[in-house]
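**Student:** File input38.cif below, mmCIF, C-alpha atoms and all ligand atoms:
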data_work
loop_
_atom_site.group_PDB
_atom_site.id
_atom_site.type_symbol
_atom_site.label_atom_id
_atom_site.label_comp_id
_atom_site.auth_asym_id
_atom_site.auth_seq_id
_atom_site.Cartn_x
_atom_site.Cartn_y
_atom_site.Cartn_z
ATOM 1 C CA MET F 24 107.319 82.405 123.187
ATOM 2 C CA SER F 25 107.598 85.902 121.842
ATOM 3 C CA SER F 26 109.775 86.155 118.797
ATOM 4 C CA GLY F 27 110.389 89.760 119.676
ATOM 5 C CA ARG F 28 108.374 90.465 116.537
ATOM 6 C CA PRO F 29 105.954 93.390 116.820
ATOM 7 C CA GLY F 30 102.192 92.770 116.744
ATOM 8 C CA GLY F 31 100.305 92.164 113.501
ATOM 9 C CA PRO F 32 98.784 94.729 111.151
ATOM 10 C CA GLU F 33 96.400 97.203 112.771
ATOM 11 C CA ALA F 34 93.622 99.167 111.017
ATOM 12 C CA PHE F 35 93.369 102.829 111.920
ATOM 13 C CA GLU F 36 91.149 105.835 111.271
ATOM 14 C CA VAL F 37 92.224 109.463 111.532
ATOM 15 C CA THR F 38 90.350 112.700 110.832
ATOM 16 C CA SER F 39 91.873 115.019 108.259
ATOM 17 C CA ARG F 40 91.950 118.786 108.868
ATOM 18 C CA ASP F 41 88.641 119.291 107.009
ATOM 19 C CA GLY F 42 86.927 116.495 108.986
ATOM 20 C CA THR F 43 87.244 113.741 106.365
ATOM 21 C CA ALA F 44 87.764 110.229 107.810
ATOM 22 C CA ILE F 45 90.967 108.670 106.474
ATOM 23 C CA ARG F 46 91.486 104.937 107.005
ATOM 24 C CA GLY F 47 94.395 102.631 106.505
ATOM 25 C CA VAL F 48 96.493 99.859 108.010
ATOM 26 C CA ARG F 49 99.780 100.031 109.890
ATOM 27 C CA ARG F 50 102.157 97.086 109.889
ATOM 28 C CA PRO F 51 104.404 97.670 112.902
ATOM 29 C CA GLY F 52 108.133 97.076 112.484
ATOM 30 C CA PRO F 53 111.484 98.422 113.557
ATOM 31 C CA GLY F 54 112.747 101.699 112.208
ATOM 32 C CA GLU F 55 111.285 104.688 110.503
ATOM 33 C CA PRO F 56 107.726 104.199 109.222
ATOM 34 C CA LEU F 57 107.148 104.379 105.467
ATOM 35 C CA VAL F 58 103.763 105.801 104.413
ATOM 36 C CA LEU F 59 102.522 104.466 101.052
ATOM 37 C CA VAL F 60 100.338 106.770 98.911
ATOM 38 C CA HIS F 61 98.444 105.450 95.855
ATOM 39 C CA GLY F 62 97.456 107.358 92.688
ATOM 40 C CA VAL F 63 94.167 108.808 91.483
ATOM 41 C CA ALA F 64 92.416 105.681 90.192
ATOM 42 C CA MET F 65 93.721 103.399 92.930
ATOM 43 C CA ASP F 66 93.454 102.501 96.640
ATOM 44 C CA ARG F 67 95.781 101.048 99.300
ATOM 45 C CA ARG F 68 95.316 97.485 98.009
ATOM 46 C CA ILE F 69 97.717 98.188 95.129
ATOM 47 C CA TRP F 70 100.695 97.795 97.486
ATOM 48 C CA TYR F 71 99.744 94.159 98.142
ATOM 49 C CA GLU F 72 98.657 93.356 94.605
ATOM 50 C CA SER F 73 101.731 94.888 92.957
ATOM 51 C CA GLY F 74 104.060 92.857 95.198
ATOM 52 C CA PHE F 75 105.645 96.070 96.467
ATOM 53 C CA LEU F 76 104.789 95.394 100.103
ATOM 54 C CA GLU F 77 106.196 91.869 99.993
ATOM 55 C CA ALA F 78 109.336 93.228 98.322
ATOM 56 C CA LEU F 79 109.935 95.576 101.269
ATOM 57 C CA GLY F 80 110.322 92.541 103.526
ATOM 58 C CA VAL F 81 108.461 91.213 106.570
ATOM 59 C CA ASP F 82 110.156 93.588 108.983
ATOM 60 C CA ALA F 83 109.324 96.813 107.187
ATOM 61 C CA HIS F 84 107.415 99.359 109.261
ATOM 62 C CA VAL F 85 104.727 100.327 106.735
ATOM 63 C CA ILE F 86 101.575 102.463 106.836
ATOM 64 C CA THR F 87 99.218 102.078 103.846
ATOM 65 C CA VAL F 88 96.578 104.794 103.491
ATOM 66 C CA ASP F 89 93.389 105.117 101.468
ATOM 67 C CA LEU F 90 93.310 108.749 100.318
ATOM 68 C CA ARG F 91 89.949 110.500 100.732
ATOM 69 C CA GLY F 92 87.319 109.187 98.334
ATOM 70 C CA ARG F 93 89.177 105.921 97.806
ATOM 71 C CA GLY F 94 89.057 102.518 99.454
ATOM 72 C CA GLU F 95 87.693 102.638 103.018
ATOM 73 C CA SER F 96 88.208 106.374 103.444
ATOM 74 C CA GLU F 97 85.338 108.836 103.482
ATOM 75 C CA LYS F 98 83.983 110.038 100.154
ATOM 76 C CA VAL F 99 84.277 113.724 99.327
ATOM 77 C CA GLY F 100 82.240 114.405 96.175
ATOM 78 C CA SER F 101 83.650 117.838 95.346
ATOM 79 C CA ALA F 102 86.618 118.924 93.249
ATOM 80 C CA GLU F 103 87.706 121.434 95.922
ATOM 81 C CA GLY F 104 87.674 118.586 98.444
ATOM 82 C CA HIS F 105 90.228 116.807 96.222
ATOM 83 C CA GLY F 106 92.773 119.630 96.062
ATOM 84 C CA ILE F 107 96.387 118.598 96.613
ATOM 85 C CA ASP F 108 96.532 120.467 99.933
ATOM 86 C CA ARG F 109 93.686 118.258 101.237
ATOM 87 C CA TYR F 110 95.706 115.157 100.393
ATOM 88 C CA VAL F 111 98.731 116.569 102.223
ATOM 89 C CA GLU F 112 96.431 117.192 105.206
ATOM 90 C CA ASP F 113 95.316 113.544 104.991
ATOM 91 C CA LEU F 114 98.974 112.498 105.321
ATOM 92 C CA ARG F 115 99.651 114.947 108.154
ATOM 93 C CA ALA F 116 96.717 113.470 110.083
ATOM 94 C CA VAL F 117 98.403 110.068 109.721
ATOM 95 C CA PHE F 118 101.782 111.499 110.819
ATOM 96 C CA ASP F 119 100.066 113.041 113.881
ATOM 97 C CA ARG F 120 98.369 109.773 114.795
ATOM 98 C CA PHE F 121 101.537 107.710 114.975
ATOM 99 C CA GLY F 122 103.667 110.457 116.444
ATOM 100 C CA ALA F 123 106.970 109.509 114.837
ATOM 101 C CA ARG F 124 109.554 112.250 114.483
ATOM 102 C CA ARG F 125 110.498 111.107 110.977
ATOM 103 C CA TYR F 126 108.525 109.412 108.171
ATOM 104 C CA GLY F 127 109.321 108.129 104.720
ATOM 105 C CA VAL F 128 106.619 108.658 102.092
ATOM 106 C CA PHE F 129 106.418 106.631 98.863
ATOM 107 C CA GLY F 130 103.777 107.460 96.243
ATOM 108 C CA THR F 131 102.821 106.148 92.800
ATOM 109 C CA TYR F 132 101.950 108.606 89.999
ATOM 110 C CA PHE F 133 99.859 111.371 91.506
ATOM 111 C CA GLY F 134 100.575 109.779 94.891
ATOM 112 C CA GLY F 135 104.225 110.589 94.207
ATOM 113 C CA ARG F 136 103.307 114.183 93.539
ATOM 114 C CA ILE F 137 101.505 114.206 96.903
ATOM 115 C CA ALA F 138 104.581 112.680 98.590
ATOM 116 C CA LEU F 139 106.769 115.481 97.195
ATOM 117 C CA ALA F 140 104.228 118.131 98.260
ATOM 118 C CA ALA F 141 104.147 116.667 101.788
ATOM 119 C CA ALA F 142 107.970 116.653 101.888
ATOM 120 C CA GLY F 143 107.975 120.329 100.912
ATOM 121 C CA THR F 144 105.652 121.353 103.740
ATOM 122 C CA ASP F 145 106.070 118.916 106.639
ATOM 123 C CA PRO F 146 109.473 118.672 108.353
ATOM 124 C CA ARG F 147 108.631 115.160 109.578
ATOM 125 C CA VAL F 148 109.075 113.822 106.047
ATOM 126 C CA ALA F 149 112.685 112.659 106.098
ATOM 127 C CA ARG F 150 112.483 110.777 102.784
ATOM 128 C CA ALA F 151 110.095 111.088 99.839
ATOM 129 C CA PHE F 152 109.952 108.742 96.852
ATOM 130 C CA SER F 153 107.892 109.646 93.805
ATOM 131 C CA PHE F 154 107.198 106.822 91.369
ATOM 132 C CA CYS F 155 106.632 108.240 87.868
ATOM 133 C CA ALA F 156 105.694 111.765 88.875
ATOM 134 C CA HIS F 157 108.098 114.693 89.079
ATOM 135 C CA GLY F 158 107.939 117.863 91.195
ATOM 136 C CA GLU F 159 108.086 120.523 88.505
ATOM 137 C CA GLU F 160 105.309 122.910 87.528
ATOM 138 C CA VAL F 161 102.894 121.434 84.967
ATOM 139 C CA GLU F 162 100.380 123.026 82.657
ATOM 140 C CA ILE F 163 96.993 121.482 83.494
ATOM 141 C CA PRO F 164 94.910 121.794 80.313
ATOM 142 C CA GLU F 165 91.511 122.553 81.802
ATOM 143 C CA GLY F 166 89.640 121.288 78.748
ATOM 144 C CA ALA F 167 91.426 117.945 78.580
ATOM 145 C CA VAL F 168 91.005 117.403 82.325
ATOM 146 C CA GLU F 169 87.304 118.307 82.206
ATOM 147 C CA GLU F 170 86.902 115.904 79.276
ATOM 148 C CA GLU F 171 88.706 113.184 81.215
ATOM 149 C CA ALA F 172 86.574 113.875 84.299
ATOM 150 C CA ARG F 173 83.414 113.447 82.232
ATOM 151 C CA ALA F 174 84.764 110.191 80.817
ATOM 152 C CA VAL F 175 85.758 108.657 84.158
ATOM 153 C CA GLU F 176 82.572 109.657 86.025
ATOM 154 C CA GLY F 177 80.288 108.520 83.186
ATOM 155 C CA PRO F 178 78.511 105.126 83.103
ATOM 156 C CA ASP F 179 81.477 103.694 81.157
ATOM 157 C CA GLY F 180 84.067 105.385 83.373
ATOM 158 C CA HIS F 181 85.624 102.194 84.688
ATOM 159 C CA ARG F 182 85.762 100.648 81.238
ATOM 160 C CA TYR F 183 87.306 103.863 79.849
ATOM 161 C CA LEU F 184 90.148 103.740 82.382
ATOM 162 C CA ARG F 185 90.650 99.971 82.208
ATOM 163 C CA ASP F 186 90.777 100.032 78.384
ATOM 164 C CA HIS F 187 93.163 102.993 78.355
ATOM 165 C CA PHE F 188 95.568 101.518 80.882
ATOM 166 C CA THR F 189 95.371 98.073 79.261
ATOM 167 C CA ARG F 190 96.213 99.610 75.897
ATOM 168 C CA LYS F 191 99.135 101.440 77.497
ATOM 169 C CA GLY F 192 100.468 98.181 78.893
ATOM 170 C CA ALA F 193 99.653 98.738 82.573
ATOM 171 C CA PRO F 194 99.937 95.643 84.805
ATOM 172 C CA PRO F 195 96.716 93.893 85.945
ATOM 173 C CA TRP F 196 96.865 95.299 89.496
ATOM 174 C CA MET F 197 96.727 98.841 88.069
ATOM 175 C CA VAL F 198 93.934 98.057 85.598
ATOM 176 C CA GLU F 199 91.855 96.297 88.265
ATOM 177 C CA ALA F 200 92.315 99.147 90.776
ATOM 178 C CA CYS F 201 90.412 101.540 88.487
ATOM 179 C CA GLY F 202 87.231 99.483 88.882
ATOM 180 C CA ARG F 203 87.342 99.807 92.689
ATOM 181 C CA VAL F 204 87.110 103.595 92.709
ATOM 182 C CA ASP F 205 83.663 105.197 92.967
ATOM 183 C CA ARG F 206 83.024 106.986 89.662
ATOM 184 C CA ASP F 207 81.756 110.194 91.252
ATOM 185 C CA GLU F 208 84.963 110.318 93.289
ATOM 186 C CA LEU F 209 86.997 109.664 90.124
ATOM 187 C CA GLY F 210 85.366 112.671 88.476
ATOM 188 C CA ALA F 211 85.821 114.869 91.547
ATOM 189 C CA ALA F 212 89.449 113.774 92.011
ATOM 190 C CA THR F 213 90.152 114.468 88.337
ATOM 191 C CA ARG F 214 88.676 117.975 88.530
ATOM 192 C CA GLY F 215 90.470 118.309 91.871
ATOM 193 C CA LEU F 216 93.762 118.252 89.990
ATOM 194 C CA LEU F 217 92.885 121.806 88.938
ATOM 195 C CA TYR F 218 93.218 122.864 92.589
ATOM 196 C CA GLY F 219 96.924 123.210 93.147
ATOM 197 C CA SER F 220 98.374 120.121 91.499
ATOM 198 C CA ASP F 221 100.094 122.253 88.852
ATOM 199 C CA ARG F 222 102.410 123.867 91.424
ATOM 200 C CA ARG F 223 106.050 122.799 91.567
ATOM 201 C CA THR F 224 107.150 121.350 94.892
ATOM 202 C CA GLU F 225 110.061 122.653 96.968
ATOM 203 C CA ARG F 226 112.609 120.812 99.086
ATOM 204 C CA GLY F 227 111.470 120.814 102.717
ATOM 205 C CA HIS F 228 114.808 120.825 104.555
ATOM 206 C CA PRO F 229 118.454 120.284 103.614
ATOM 207 C CA ASP F 230 118.893 116.745 104.930
ATOM 208 C CA GLN F 231 115.645 115.456 103.408
ATOM 209 C CA GLU F 232 116.166 112.618 100.942
ATOM 210 C CA LEU F 233 114.154 113.026 97.716
ATOM 211 C CA VAL F 234 114.056 110.250 95.116
ATOM 212 C CA LEU F 235 112.371 110.538 91.719
ATOM 213 C CA ILE F 236 111.705 107.287 89.906
ATOM 214 C CA THR F 237 110.656 106.904 86.284
ATOM 215 C CA ALA F 238 110.978 104.736 83.177
ATOM 216 C CA GLU F 239 114.325 104.844 81.394
ATOM 217 C CA GLY F 240 112.292 105.195 78.179
ATOM 218 C CA ASP F 241 110.160 108.034 79.579
ATOM 219 C CA ALA F 242 109.350 110.375 76.681
ATOM 220 C CA ASP F 243 109.844 113.400 78.913
ATOM 221 C CA LEU F 244 112.816 112.957 81.255
ATOM 222 C CA ALA F 245 113.515 116.711 81.377
ATOM 223 C CA PRO F 246 111.371 117.505 84.448
ATOM 224 C CA PHE F 247 112.962 114.580 86.298
ATOM 225 C CA HIS F 248 116.448 115.880 85.521
ATOM 226 C CA ALA F 249 115.225 119.332 86.553
ATOM 227 C CA GLY F 250 114.295 117.774 89.895
ATOM 228 C CA GLU F 251 117.822 116.413 90.288
ATOM 229 C CA LYS F 252 119.217 119.911 89.879
ATOM 230 C CA ARG F 253 116.589 122.072 91.539
ATOM 231 C CA LEU F 254 115.611 119.757 94.400
ATOM 232 C CA GLY F 255 118.862 117.834 94.764
ATOM 233 C CA ALA F 256 116.747 114.727 94.159
ATOM 234 C CA ARG F 257 118.179 111.332 93.240
ATOM 235 C CA LEU F 258 116.877 109.806 90.024
ATOM 236 C CA TRP F 259 116.216 106.072 89.827
ATOM 237 C CA LEU F 260 115.393 104.691 86.386
ATOM 238 C CA VAL F 261 113.513 101.414 85.894
ATOM 239 C CA GLY F 262 113.810 99.274 82.781
ATOM 240 C CA SER F 263 110.586 100.242 81.044
ATOM 241 C CA PRO F 264 109.684 102.089 77.828
ATOM 242 C CA THR F 265 106.993 104.260 79.413
ATOM 243 C CA ARG F 266 105.726 105.538 82.800
ATOM 244 C CA VAL F 267 102.589 103.428 82.565
ATOM 245 C CA ARG F 268 104.571 100.247 81.851
ATOM 246 C CA ALA F 269 106.937 101.122 84.677
ATOM 247 C CA ALA F 270 104.104 100.092 87.041
ATOM 248 C CA GLY F 271 105.060 96.502 86.187
ATOM 249 C CA ARG F 272 108.425 97.226 87.881
ATOM 250 C CA LEU F 273 107.009 98.507 91.161
ATOM 251 C CA ALA F 274 107.956 95.366 93.134
ATOM 252 C CA GLU F 275 111.519 95.658 91.791
ATOM 253 C CA VAL F 276 111.672 99.205 93.174
ATOM 254 C CA GLY F 277 110.465 97.801 96.501
ATOM 255 C CA ARG F 278 113.393 95.389 96.509
ATOM 256 C CA ARG F 279 115.815 98.213 95.696
ATOM 257 C CA LEU F 280 114.361 100.193 98.596
ATOM 258 C CA ALA F 281 114.709 97.190 100.945
ATOM 259 C CA ARG F 282 118.354 96.709 99.923
ATOM 260 C CA LYS F 283 118.974 100.405 100.467
ATOM 261 C CA GLU F 284 117.487 100.221 103.978
ATOM 262 C CA ALA F 285 119.561 97.161 104.775
ATOM 263 C CA GLY F 286 122.604 99.064 103.578
ATOM 264 C CA SER F 287 121.865 102.207 105.564
HETATM 265 C C1 LIG I 301 101.928 111.688 80.588
HETATM 266 O O1 LIG I 301 100.872 111.051 81.301
HETATM 267 C C2 LIG I 301 101.159 109.792 81.681
HETATM 268 O O2 LIG I 301 102.222 109.288 81.606
HETATM 269 C C3 LIG I 301 100.008 109.079 82.355
HETATM 270 C C4 LIG I 301 100.255 109.335 83.813
HETATM 271 N N1 LIG I 301 99.776 110.674 84.203
HETATM 272 C C5 LIG I 301 100.664 111.425 84.838
HETATM 273 O O3 LIG I 301 101.795 111.032 85.048
HETATM 274 C C6 LIG I 301 100.270 112.801 85.321
HETATM 275 N N2 LIG I 301 99.230 113.424 84.502
HETATM 276 C C7 LIG I 301 99.632 114.031 83.338
HETATM 277 O O4 LIG I 301 100.737 113.927 82.866
HETATM 278 C C8 LIG I 301 98.599 114.967 82.713
HETATM 279 N N3 LIG I 301 97.268 114.758 83.286
HETATM 280 C C9 LIG I 301 96.275 114.167 82.737
HETATM 281 N N4 LIG I 301 95.124 114.101 83.450
HETATM 282 C C10 LIG I 301 95.203 114.135 84.890
HETATM 283 C C11 LIG I 301 95.513 112.717 85.357
HETATM 284 O O5 LIG I 301 96.683 112.314 85.370
HETATM 285 N N5 LIG I 301 94.475 111.895 85.683
HETATM 286 C C12 LIG I 301 93.083 112.246 85.713
HETATM 287 C C13 LIG I 301 92.373 110.919 85.715
HETATM 288 C C14 LIG I 301 93.321 110.013 86.456
HETATM 289 C C15 LIG I 301 93.047 108.555 86.092
HETATM 290 C C16 LIG I 301 94.702 110.518 86.083
HETATM 291 C C17 LIG I 301 95.310 109.739 84.953
HETATM 292 O O6 LIG I 301 96.035 108.783 85.181
HETATM 293 N N6 LIG I 301 95.053 110.144 83.730
HETATM 294 C C18 LIG I 301 96.014 109.854 82.677
HETATM 295 C C19 LIG I 301 95.359 109.070 81.550
HETATM 296 C C20 LIG I 301 94.841 107.800 82.142
HETATM 297 S S1 LIG I 301 93.550 107.066 81.301
HETATM 298 C C21 LIG I 301 92.476 108.206 80.756
HETATM 299 C C22 LIG I 301 96.595 111.153 82.203
HETATM 300 O O7 LIG I 301 97.794 111.341 82.353
HETATM 301 N N7 LIG I 301 95.758 112.092 81.702
HETATM 302 C C23 LIG I 301 96.304 113.423 81.447
HETATM 303 C C24 LIG I 301 95.561 114.122 80.307
HETATM 304 C C25 LIG I 301 96.167 115.514 80.100
HETATM 305 C C26 LIG I 301 95.765 113.260 79.085
HETATM 306 C C27 LIG I 301 94.065 114.226 80.614
HETATM 307 C C28 LIG I 301 99.015 116.439 82.994
HETATM 308 C C29 LIG I 301 97.925 117.363 82.471
HETATM 309 C C30 LIG I 301 99.167 116.665 84.507
HETATM 310 C C31 LIG I 301 100.344 116.748 82.332
HETATM 311 C C32 LIG I 301 99.766 112.754 86.766
HETATM 312 C C33 LIG I 301 100.617 111.872 87.673
HETATM 313 C C34 LIG I 301 99.762 114.182 87.249
HETATM 314 C C35 LIG I 301 100.964 114.879 87.370
HETATM 315 C C36 LIG I 301 100.919 116.203 87.801
HETATM 316 C C37 LIG I 301 99.697 116.816 88.119
HETATM 317 C C38 LIG I 301 98.504 116.086 87.976
HETATM 318 C C39 LIG I 301 98.538 114.759 87.539
HETATM 319 C C40 LIG I 301 99.586 108.352 84.666
HETATM 320 N N8 LIG I 301 99.026 108.634 85.827
HETATM 321 C C41 LIG I 301 98.531 107.517 86.404
HETATM 322 C C42 LIG I 301 98.727 106.388 85.693
HETATM 323 S S2 LIG I 301 99.533 106.759 84.303
#
Once more with this new file: its structure as structure tokens, please.

**Tutor:**
Amino acid sequence: MSSGRPGGPEAFEVTSRDGTAIRGVRRPGPGEPLVLVHGVAMDRRIWYESGFLEALGVDAHVITVDLRGRGESEKVGSAEGHGIDRYVEDLRAVFDRFGARRYGVFGTYFGGRIALAAAGTDPRVARAFSFCAHGEEVEIPEGAVEEEARAVEGPDGHRYLRDHFTRKGAPPWMVEACGRVDRDELGAATRGLLYGSDRRTERGHPDQELVLITAEGDADLAPFHAGEKRLGARLWLVGSPTRVRAAGRLAEVGRRLARKEAGS
């Protein structure tokens, strides 16, 4: 007896514009698909382990992607191959594959920055949510990033990240994720931030919904407020003293999103 429920989760592979294999899993459901985009030292498993996916509800139409160099997706190895435009191309390959007219995109940290960049360039992005990353121009201090790249790709790279995030109060799912990322890819992705990730993002089209999410205690709320004004973005604040600790509230944001869908 069919419950009218769609089929189960299905793994997929698409080829990004530069030929890189991008893999992920689609959980069919009614309504507009929501593409979930993880951060630099993460992979698509964080959506399960953070409780975000469960919080969206069993009927959510969700596509979780491993960005290039992470999880099951093809490794890249070069900083240029980790430029922000390559990540947007990864998402566009996913949009092409499933052929929907409209997508939502939800990203954590640098994944949020990618979601905003995709919204600014691809008209299919009807909604973009950026968790703890804003869309304003940033100064990327080349020295500090090079130093961080050396640290994360070195023999103690995983320990460096896990210790740092633990000290900053990150939840276990975020600390554990660091250890799953290939260290060479961590270094390349870190240096890759020098290729375009400093640019501010623009609004894609007038009826696009942009939501910036950050900690109410965030030490630097200015660029998020700038996004409200310049991009007409909504600002959601979570009860947390810092952006890193806000990761512990990701499931709560998932519930807020689910309620919002139910309302709409
Ligand atoms: C205030 O910063 C935080 O609140 C932590 C927060 N970061 C960010 O929101 C954003 N970034 C930053 O602000 C800075 N960028 C860094 N380096 C680039 C960077 O981010 N990474 C490179 C390695 C990768 C793990 C990732 C990272 O996480 N590193 C952390 C330290 C983690 S352990 C060592 C990290 O910030 N370092 C900094 C140093 C300058 C200290 C090296 C600038 C230069 C862009 C302002 C990030 C989303 C982004 C935003 C826009 C463009 C690029 C990147 C987190 N993001 C993920 C989890 S927490």

**Student:** Expand the PyMOL selection byres (((not hetatm)) within 6 of (chain I and resi 301)) into the individual residues it matches in the shown file, reporting them as number ranges by chain.

**Tutor:** F: 63-64, 132-133, 156, 161, 163-164, 167-168, 171, 184, 187-188, 213, 216, 220-221, 266-267

**Student:** Return as a tab-separated table the residues of stretch 62-167 of chain F lying at most 12 Å from stretch 28-42 of chain F, together with the closest atom-to-atom pair for each and the distance in Å to one decimal, counting only C-alpha atoms, with rows in chain order and ascending residue number.

**Tutor:**
residue	atom	partner	partner_atom	distance
F:Val81	CA	F:Arg28	CA	10.0
F:Asp82	CA	F:Arg28	CA	8.4
F:Ala83	CA	F:Pro29	CA	10.8
F:His84	CA	F:Pro29	CA	9.7
F:Val85	CA	F:Pro32	CA	9.3
F:Ile86	CA	F:Pro32	CA	9.3
F:Thr87	CA	F:Ala34	CA	9.6
F:Val88	CA	F:Phe35	CA	9.2
F:Asp89	CA	F:Glu36	CA	10.1
F:Leu90	CA	F:Ser39	CA	10.2
F:Arg91	CA	F:Ser39	CA	9.0
F:Glu95	CA	F:Glu36	CA	9.5
F:Ser96	CA	F:Glu36	CA	8.4
F:Glu97	CA	F:Gly42	CA	9.6
F:Lys98	CA	F:Gly42	CA	11.3
F:Val99	CA	F:Gly42	CA	10.4
F:Glu103	CA	F:Asp41	CA	11.3
F:Gly104	CA	F:Asp41	CA	8.6
F:His105	CA	F:Asp41	CA	11.2
F:Gly106	CA	F:Asp41	CA	11.7
F:Asp108	CA	F:Arg40	CA	10.2
F:Arg109	CA	F:Asp41	CA	7.7
F:Tyr110	CA	F:Ser39	CA	8.8
F:Val111	CA	F:Ser39	CA	9.3
F:Glu112	CA	F:Ser39	CA	5.9
F:Asp113	CA	F:Ser39	CA	5.0
F:Leu114	CA	F:Ser39	CA	8.1
F:Arg115	CA	F:Ser39	CA	7.8
F:Ala116	CA	F:Ser39	CA	5.4
F:Val117	CA	F:Val37	CA	6.5
F:Phe118	CA	F:Val37	CA	9.8
F:Asp119	CA	F:Val37	CA	8.9
F:Arg120	CA	F:Val37	CA	7.0
F:Phe121	CA	F:Phe35	CA	10.0

**Student:** What is the distance between atom CA of F:Pro56 and atom CA of F:Leu235, in Å to one decimal?

**Tutor:** 19.2 Å

**Student:** For the provided coordinates, the residues matched by the PyMOL selection byres (((chain F and resi 226) around 8) and not hetatm) should be stated as a ChimeraX atom specification.

**Tutor:** /F:142-143,224-225,227-229,231,254

**Student:** If the PyMOL selection byres (((chain F and resi 181-183) around 12) and not hetatm) is run on the structure shown, which residues does it catch, given as a VMD selection string?

**Tutor:** chain F and resid 64 to 65 171 to 180 184 to 190 198 to 210

**Student:** Those same residues - C-alpha atoms - I'd like them written as a tab-separated table (two decimals), keeping the file's coordinate frame.

**Tutor:**
chain	number	residue	atom	x	y	z
F	64	ALA	CA	92.42	105.68	90.19
F	65	MET	CA	93.72	103.40	92.93
F	171	GLU	CA	88.71	113.18	81.22
F	172	ALA	CA	86.57	113.88	84.30
F	173	ARG	CA	83.41	113.45	82.23
F	174	ALA	CA	84.76	110.19	80.82
F	175	VAL	CA	85.76	108.66	84.16
F	176	GLU	CA	82.57	109.66	86.02
F	177	GLY	CA	80.29	108.52	83.19
F	178	PRO	CA	78.51	105.13	83.10
F	179	ASP	CA	81.48	103.69	81.16
F	180	GLY	CA	84.07	105.38	83.37
F	184	LEU	CA	90.15	103.74	82.38
F	185	ARG	CA	90.65	99.97	82.21
F	186	ASP	CA	90.78	100.03	78.38
F	187	HIS	CA	93.16	102.99	78.36
F	188	PHE	CA	95.57	101.52	80.88
F	189	THR	CA	95.37	98.07	79.26
F	190	ARG	CA	96.21	99.61	75.90
F	198	VAL	CA	93.93	98.06	85.60
F	199	GLU	CA	91.86	96.30	88.26
F	200	ALA	CA	92.32	99.15	90.78
F	201	CYS	CA	90.41	101.54	88.49
F	202	GLY	CA	87.23	99.48	88.88
F	203	ARG	CA	87.34	99.81	92.69
F	204	VAL	CA	87.11	103.60	92.71
F	205	ASP	CA	83.66	105.20	92.97
F	206	ARG	CA	83.02	106.99	89.66
F	207	ASP	CA	81.76	110.19	91.25
F	208	GLU	CA	84.96	110.32	93.29
F	209	LEU	CA	87.00	109.66	90.12
F	210	GLY	CA	85.37	112.67	88.48

**Student:** Env of F:Arg124: 12 Å cut, atoms = all atoms listed in the file, seq-sep filter 5 positions within chain, self excluded. Answer as JSON, numbers by chain.

**Tutor:** {"F": [54, 55, 56, 118, 119, 145, 146, 147, 148, 149]}

**Student:** Would you compute the distance between atom CA of F:Gly80 and atom CA of F:Ala281? Give it in Å to one decimal.

**Tutor:**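 Separation between atom CA of F:Gly80 and atom CA of F:Ala281: 6.9 Å.
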
**Student:** Between atom CA of F:Ala123 and atom CA of F:Trp70, what is the distance in Å, rounded to a tenth?

**Tutor:** 21.9 Å

**Student:** Using only C-alpha atoms, pick whichever of F:Leu217, F:Ala245, F:Ala193, F:Ala270 has the shortest atom-to-atom distance to F:Gly158.

**Tutor:** F:Ala245

**Student:** Given all atoms listed in the file as the basis, pick out the residue of F:Ala238, F:Ala102, F:Val60, F:Leu280 nearest to F:Gly215.

**Tutor:**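 Looking only at the distances to F:Gly215, the closest residue turns out to be F:Ala102.
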
**Student:** Using all atoms listed in the file, find all polymer residues with an atom at most 9 Å away from the point (110.9, 92.6, 96.3); report them as a PDB file with C-alpha atoms, keeping the file's coordinate frame.

**Tutor:**
ATOM      1  CA  GLY F  74     104.060  92.857  95.198  1.00  0.00           C
ATOM      2  CA  PHE F  75     105.645  96.070  96.467  1.00  0.00           C
ATOM      3  CA  LEU F  76     104.789  95.394 100.103  1.00  0.00           C
ATOM      4  CA  GLU F  77     106.196  91.869  99.993  1.00  0.00           C
ATOM      5  CA  ALA F  78     109.336  93.228  98.322  1.00  0.00           C
ATOM      6  CA  LEU F  79     109.935  95.576 101.269  1.00  0.00           C
ATOM      7  CA  GLY F  80     110.322  92.541 103.526  1.00  0.00           C
ATOM      8  CA  LEU F 273     107.009  98.507  91.161  1.00  0.00           C
ATOM      9  CA  ALA F 274     107.956  95.366  93.134  1.00  0.00           C
ATOM     10  CA  GLU F 275     111.519  95.658  91.791  1.00  0.00           C
ATOM     11  CA  VAL F 276     111.672  99.205  93.174  1.00  0.00           C
ATOM     12  CA  GLY F 277     110.465  97.801  96.501  1.00  0.00           C
ATOM     13  CA  ARG F 278     113.393  95.389  96.509  1.00  0.00           C
ATOM     14  CA  ARG F 279     115.815  98.213  95.696  1.00  0.00           C
ATOM     15  CA  LEU F 280     114.361 100.193  98.596  1.00  0.00           C
ATOM     16  CA  ALA F 281     114.709  97.190 100.945  1.00  0.00           C
TER      17      ALA F 281
END

**Student:** Find the residues near F:Leu57: any atom within 6 Å, counting only C-alpha atoms, skip ones fewer than 3 places away on the same chain, and give them as number ranges by chain.

**Tutor:** F: 85, 126-128

**Student:** Please write as a list of chain:residue names the list of polymer residues whose atoms come within 9 Å of (105.2, 107.8, 100.0), counting only C-alpha atoms and keeping to the coordinates of the file.

**Tutor:** F:Leu57, F:Val58, F:Leu59, F:Val60, F:His61, F:Tyr126, F:Gly127, F:Val128, F:Phe129, F:Gly130, F:Thr131, F:Gly134, F:Gly135, F:Ile137, F:Ala138, F:Leu139, F:Arg150, F:Ala151, F:Phe152, F:Ser153, F:Phe154
